[in-house]
Amino acid sequence: MPSSMRLSHRPRVHILGLGSIGTFTAHGLLETPKSPAVTLLLHRESLYESYRQNGNKILLETLDGQLLGHRGYDTEVYRAGSWYCLPASKETTDKINHLIVSVKATQTTTALRALKNRLSAKSTILFLQNGCGMIDAVNKSIFPDPSTRPNYIVGVVSHGVTLNSPFHVTHTGAAAISLGAVPPESGVAPSSEREYLLSLLPQSPRLNATAYPYAEVLQIQLEKLAVNAFCNPLCALHNAQNGFLFTLPELRRQILTEVSNVVMMLPELRHIRGVQDRFAVDKLEATVIDILTKTAETTCSMVWDLRAGRETEIRFINGYWVRRGKEVGVPTPVNERLMEQVMSKGG
């Protein structure tokens, strides 16, 4: 019996973006006590062939060296403007209630546009991505009407995960996933369906997810973005591992000072207790140094992107600080210069 028939009575979660985080999350969902039906949304035919060659399963190398394989996923492939269930190759327009988006920030609007007709105000989208500002871009170009807009959840991933090959990842560092529901526009009631993903992911021991109030998860997200604003562009521009960044203390201070000044003026955090201490420059520097000490031999994704000639996520990292700085009247010349330098190299 096809897995889609066996699991039809269970809630279904669709996953868009099967890089390291999407693959890791898909594996973790099947480790929950009452696992949902999971559909992998594949944006090209060759990914389905890779999945078949992988034995129709997702492989995870654990921290202690085990190789665990989970099967039972359903698959859809995007072909000529439509989605098809495979292996039956039947076109589908089924509505999507729970969607996890793990594509790169730069691909978010394009990837979601292909699903727009399958999403509604009853749907929930969990954004598990690096960077900030993707939701603003999605609202502007895909869901401009708040009354028909899906519910949103922000997720911040601090696990270390490496994609070895399609549908095969290695868990390199155990950490956590932080979740927070984005408040809807004034006058719009959130769907009750939103709570499902907020309660589902914390049930997976490996994902180690926790749901927080939105103001808290936003601060966690901005802390990570502050670190990335220093680490990613400078490693990319110097084609270097993270340890190289210990040679740039003055530039580190300049970048983090701009970030701190912007955070202090953000209207959504203005009345939250502890923000000034949490985002003080000295505190941000201590966080960066601690992470660099642990990851000195790591090569960040922006380095790999520039090497491969791919568009980087710079507009959703340093570009976020530049945009928010302009909104609140805080100059960010160092972040702006770094963004321009990376983009001039094709990133």
# chains A, B, ... in the order shown; residues from 1 in each chain; ligands from 1
call {"tool": "residues_around", "arguments": {"residues": "segment 288-295 of chain A", "least_positions_apart": "3", "cutoff": "10 Å", "atoms": "only C-alpha atoms", "output": "ChimeraX atom specification"}}
result
/A:223-224,226-228,230-231,241-246,249,252,256,282-285,298-300
call {"tool": "residues_around", "arguments": {"residues": "Leu67 of chain A", "least_positions_apart": "4", "cutoff": "12 Å", "atoms": "only C-alpha atoms", "output": "list in words"}}
result
His27, Lys57, Ile58, Leu59, Leu60, Glu61, Thr62, Leu63, His168, Val169, Thr170 and His171 of chain A
call {"tool": "closest_atom_pairs", "arguments": {"of": "segment 10-34 of chain A", "to": "segment 174-189 of chain A", "cutoff": "12 Å", "atoms": "only C-alpha atoms", "output": "CSV"}}
result
residue,atom,partner,partner_atom,distance
A:Ile21,CA,A:Ile177,CA,10.6
A:Phe24,CA,A:Ile177,CA,11.6
A:Thr25,CA,A:Ile177,CA,10.0
A:Gly28,CA,A:Ile177,CA,11.7
call {"tool": "closest_residue", "arguments": {"among": "A:Val275, A:Thr106, A:Pro205, A:Thr287", "to": "Gly347 of chain A", "atoms": "only C-alpha atoms"}}
result
A:Thr106
call {"tool": "closest_atom_pairs", "arguments": {"of": "segment 84-135 of chain A", "to": "segment 191-204 of chain A", "cutoff": "12 Å", "atoms": "only C-alpha atoms", "output": "Markdown table"}}
result
| residue | atom | partner | partner_atom | distance |
| --- | --- | --- | --- | --- |
| A:Ile96 | CA | A:Glu193 | CA | 11.3 |
| A:Asn97 | CA | A:Glu193 | CA | 7.5 |
| A:His98 | CA | A:Leu197 | CA | 7.2 |
| A:Leu99 | CA | A:Leu197 | CA | 9.0 |
| A:Ile100 | CA | A:Leu197 | CA | 9.0 |
| A:Ser120 | CA | A:Ser191 | CA | 10.2 |
| A:Ala121 | CA | A:Ser191 | CA | 7.2 |
| A:Lys122 | CA | A:Ser191 | CA | 5.6 |
| A:Ser123 | CA | A:Glu193 | CA | 7.1 |
| A:Thr124 | CA | A:Arg194 | CA | 5.5 |
| A:Ile125 | CA | A:Arg194 | CA | 8.5 |
| A:Leu126 | CA | A:Leu197 | CA | 7.8 |
| A:Phe127 | CA | A:Leu197 | CA | 11.3 |
| A:Leu128 | CA | A:Leu201 | CA | 11.8 |
